[in-house]
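Asker: File name data.cif; file contents mmCIF, C-alpha atoms; full text below.
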```
data_data
#
loop_
_atom_site.group_PDB
_atom_site.id
_atom_site.type_symbol
_atom_site.label_atom_id
_atom_site.label_comp_id
_atom_site.auth_asym_id
_atom_site.auth_seq_id
_atom_site.Cartn_x
_atom_site.Cartn_y
_atom_site.Cartn_z
ATOM 1 C CA ASP Q 1 9.105 -5.050 3.641
ATOM 2 C CA ILE Q 2 7.228 -8.279 3.040
ATOM 3 C CA ILE Q 3 6.869 -10.832 0.293
ATOM 4 C CA ALA Q 4 3.782 -12.868 1.160
ATOM 5 C CA VAL Q 5 2.499 -15.954 -0.646
ATOM 6 C CA ARG Q 6 -1.042 -17.273 -0.545
ATOM 7 C CA ASN Q 7 -2.300 -20.092 -2.758
ATOM 8 C CA LYS Q 8 0.849 -19.925 -4.898
ATOM 9 C CA VAL Q 9 0.435 -16.183 -5.602
ATOM 10 C CA SER Q 10 3.071 -13.784 -4.288
ATOM 11 C CA TYR Q 11 2.463 -10.250 -3.012
ATOM 12 C CA LEU Q 12 5.024 -7.479 -2.506
ATOM 13 C CA ILE Q 13 4.066 -5.359 0.519
ATOM 14 C CA ASP Q 14 5.703 -2.328 2.076
ATOM 15 C CA ALA Q 15 4.505 -1.837 5.659
ATOM 16 C CA LYS Q 16 4.269 1.660 7.134
ATOM 17 C CA VAL Q 17 3.029 2.913 10.516
ATOM 18 C CA CYS Q 18 1.187 6.246 10.418
ATOM 19 C CA SER Q 19 2.234 7.556 13.823
ATOM 20 C CA ASP Q 20 1.148 11.171 13.347
ATOM 21 C CA ASP Q 21 -2.335 10.386 11.984
ATOM 22 C CA LYS Q 22 -1.485 10.853 8.303
ATOM 23 C CA PHE Q 23 0.746 9.323 5.661
ATOM 24 C CA PRO Q 24 3.250 11.700 4.033
ATOM 25 C CA PHE Q 25 4.198 10.522 0.541
ATOM 26 C CA SER Q 26 7.782 11.531 1.256
ATOM 27 C CA ARG Q 27 7.999 8.222 3.176
ATOM 28 C CA ILE Q 28 7.907 6.311 -0.115
ATOM 29 C CA GLU Q 29 11.519 5.972 -1.171
ATOM 30 C CA GLU Q 30 12.595 5.895 -4.810
ATOM 31 C CA ASN Q 31 13.981 2.368 -4.445
ATOM 32 C CA GLN Q 32 10.579 1.178 -3.126
ATOM 33 C CA ASP Q 33 8.854 2.708 -6.134
ATOM 34 C CA LEU Q 34 11.316 1.129 -8.541
ATOM 35 C CA ALA Q 35 11.087 -2.277 -6.843
ATOM 36 C CA MET Q 36 7.283 -2.263 -7.121
ATOM 37 C CA GLU Q 37 7.433 -1.261 -10.776
ATOM 38 C CA LEU Q 38 9.975 -4.005 -11.531
ATOM 39 C CA TRP Q 39 7.886 -6.522 -9.561
ATOM 40 C CA HIS Q 40 4.903 -5.716 -11.790
ATOM 41 C CA ASP Q 41 6.933 -5.608 -15.010
ATOM 42 C CA CYS Q 42 8.195 -9.142 -14.263
ATOM 43 C CA GLY Q 43 4.598 -10.415 -14.147
ATOM 44 C CA ASN Q 44 4.229 -10.637 -10.378
ATOM 45 C CA GLY Q 45 1.154 -8.436 -9.942
ATOM 46 C CA ILE Q 46 0.677 -5.153 -8.154
ATOM 47 C CA GLY Q 47 2.794 -3.934 -5.248
ATOM 48 C CA TRP Q 48 1.001 -2.960 -2.046
ATOM 49 C CA PHE Q 49 1.405 -0.619 0.904
ATOM 50 C CA ALA Q 50 0.081 -1.727 4.292
ATOM 51 C CA LEU Q 51 -0.681 1.440 6.256
ATOM 52 C CA LYS Q 52 -1.280 1.001 9.972
ATOM 53 C CA LEU Q 53 -3.401 3.784 11.441
ATOM 54 C CA ARG Q 54 -5.136 3.799 14.814
ATOM 55 C CA GLY Q 55 -4.552 0.084 15.305
ATOM 56 C CA GLN Q 56 -6.026 -0.896 11.935
ATOM 57 C CA ILE Q 57 -4.200 -1.889 8.731
ATOM 58 C CA TYR Q 58 -5.392 -0.670 5.325
ATOM 59 C CA MET Q 59 -4.013 -1.996 2.051
ATOM 60 C CA HIS Q 60 -3.292 0.501 -0.740
ATOM 61 C CA SER Q 61 -2.095 -0.483 -4.185
ATOM 62 C CA HIS Q 62 1.076 1.035 -5.541
ATOM 63 C CA TYR Q 63 -1.013 2.561 -8.356
ATOM 64 C CA THR Q 64 -3.367 4.296 -5.921
ATOM 65 C CA MET Q 65 -0.468 5.730 -3.960
ATOM 66 C CA LYS Q 66 1.305 6.853 -7.118
ATOM 67 C CA ALA Q 67 -1.788 8.606 -8.459
ATOM 68 C CA HIS Q 68 -2.503 10.499 -5.250
ATOM 69 C CA ARG Q 69 1.019 11.600 -4.465
ATOM 70 C CA HIS Q 70 1.103 13.590 -7.703
ATOM 71 C CA LEU Q 71 -1.918 15.542 -6.436
ATOM 72 C CA GLN Q 72 -1.044 16.082 -2.777
ATOM 73 C CA ASN Q 73 1.695 15.706 -0.142
ATOM 74 C CA SER Q 74 0.014 13.205 2.166
ATOM 75 C CA LEU Q 75 -3.050 11.074 2.859
ATOM 76 C CA SER Q 76 -5.355 12.136 5.674
ATOM 77 C CA PRO Q 77 -6.872 9.532 8.024
ATOM 78 C CA GLN Q 78 -10.153 9.782 6.101
ATOM 79 C CA GLU Q 79 -8.371 9.147 2.791
ATOM 80 C CA ILE Q 80 -6.476 6.208 4.267
ATOM 81 C CA PHE Q 81 -9.805 4.666 5.335
ATOM 82 C CA GLU Q 82 -11.722 5.479 2.130
ATOM 83 C CA LEU Q 83 -9.047 4.660 -0.464
ATOM 84 C CA GLY Q 84 -7.717 1.576 1.296
ATOM 85 C CA THR Q 85 -9.051 -1.903 1.908
ATOM 86 C CA PRO Q 86 -9.055 -3.265 5.469
ATOM 87 C CA ILE Q 87 -6.478 -6.044 5.633
ATOM 88 C CA GLU Q 88 -9.084 -8.664 6.560
ATOM 89 C CA LYS Q 89 -11.042 -7.979 3.359
ATOM 90 C CA TRP Q 90 -7.852 -7.788 1.309
ATOM 91 C CA VAL Q 91 -6.664 -11.201 2.547
ATOM 92 C CA LYS Q 92 -10.024 -12.758 1.654
ATOM 93 C CA LYS Q 93 -9.608 -11.467 -1.915
ATOM 94 C CA CYS Q 94 -6.205 -13.187 -2.081
ATOM 95 C CA LYS Q 95 -7.710 -16.693 -2.085
#
```
Using the file provided, produce a representation of the structure as structure tokens.
Answerer:
Amino acid sequence: DIIAVRNKVSYLIDAKVCSDDKFPFSRIEENQDLAMELWHDCGNGIGWFALKLRGQIYMHSHYTMKAHRHLQNSLSPQEIFELGTPIEKWVKKCK
């Protein structure tokens, strides 16, 4: 778990490796969910998940993950690519 700061803005990030080519939502623990909700409620912005798949890292907001896990059990590689933002692009937005 990571708390990153860029230009005086902090980001809460939970890093996960997708070793079997998908991301099962069961890997999000209740305490992680609660911590991200509290982080946001305290005015710190959105929590993020950094999903590493096939050597690439894709950033997914806590809200995106929350919305999709109520509809399905996991994210496929295609969904990880399409719903996420490559970390390089995400970092540029954090300026």
Asker: Contacts of Q:Arg27 at 12 Å or less, counting all atoms listed in the file, minus same-chain residues fewer than 4 places along, as a PyMOL selection string?
Answerer: chain Q and resi 14-18+22-23+31-33+49+51+65+69+73-75
Asker: So how many Å separate atom CA of Q:Val91 and atom CA of Q:Lys52, to one decimal?
Answerer: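 Taking atom CA of Q:Val91 and atom CA of Q:Lys52, their separation equals 15.3 Å.
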Asker: Which residues are near Q:His60? Cut-off 10 Å, all atoms listed in the file, ignore same chain within fewer than 4 positions. Put them as a compact mmCIF listing (two decimals) with C-alpha atoms, in the coordinates of the input.
Answerer:
```txt
# COMPACT_ATOMS: atom_id res chain seq x y z
CA ILE Q 13 4.07 -5.36 0.52
CA ASP Q 14 5.70 -2.33 2.08
CA GLY Q 47 2.79 -3.93 -5.25
CA TRP Q 48 1.00 -2.96 -2.05
CA PHE Q 49 1.40 -0.62 0.90
CA ALA Q 50 0.08 -1.73 4.29
CA LEU Q 51 -0.68 1.44 6.26
CA THR Q 64 -3.37 4.30 -5.92
CA MET Q 65 -0.47 5.73 -3.96
CA ILE Q 80 -6.48 6.21 4.27
CA PHE Q 81 -9.80 4.67 5.34
CA LEU Q 83 -9.05 4.66 -0.46
CA GLY Q 84 -7.72 1.58 1.30
CA THR Q 85 -9.05 -1.90 1.91
CA PRO Q 86 -9.06 -3.26 5.47
CA ILE Q 87 -6.48 -6.04 5.63
CA TRP Q 90 -7.85 -7.79 1.31
```
Asker: Out of Q:Lys8, Q:His62, Q:His70, Q:Lys92, which residue has the shortest atom-to-atom distance to Q:Leu34 when counting all atoms listed in the file?
Answerer: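 That would be Q:His62, the residue with the smallest distance to Q:Leu34.
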Asker: Nearest residue to Q:Leu53 out of Q:Glu88, Q:Asp41, Q:Asp20, Q:Asp1, using only C-alpha atoms?
Answerer: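 Once distances to Q:Leu53 are computed over only C-alpha atoms, the minimum belongs to Q:Asp20.
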Asker: Quick one: distance from atom CA of Q:Leu71 to atom CA of Q:Ser19 in Å, one decimal?
Answerer: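 Taking atom CA of Q:Leu71 and atom CA of Q:Ser19, their separation equals 22.2 Å.
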Asker: Box for stretch 28-35 of chain Q - axis-aligned, 3 Å on each of the six sides, all listed atoms - centre and size in Å to one decimal, as lines of an AutoDock Vina configuration file.
Answerer:
```
center_x = 10.9
center_y = 2.0
center_z = -4.3
size_x = 12.1
size_y = 14.6
size_z = 14.4
```
Asker: So, counting only C-alpha atoms, which residue among Q:His68, Q:Ala35, Q:Gln78, Q:Glu30 is closest to Q:Leu12?
Answerer: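 Nearest candidate to Q:Leu12 out of Q:His68, Q:Ala35, Q:Gln78, Q:Glu30: Q:Ala35.
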Asker: What does the distance from atom CA of Q:Ser10 to atom CA of Q:Gly45 come to in Å, to one decimal?
Answerer: 8.0 Å
Asker: Can you work out which one of Q:Gln72, Q:Ile57, Q:Glu29, Q:Val9 has the shortest atom-to-atom distance to Q:Gly43, counting only C-alpha atoms?
Answerer: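 Closest residue, counting only C-alpha atoms: Q:Val9.
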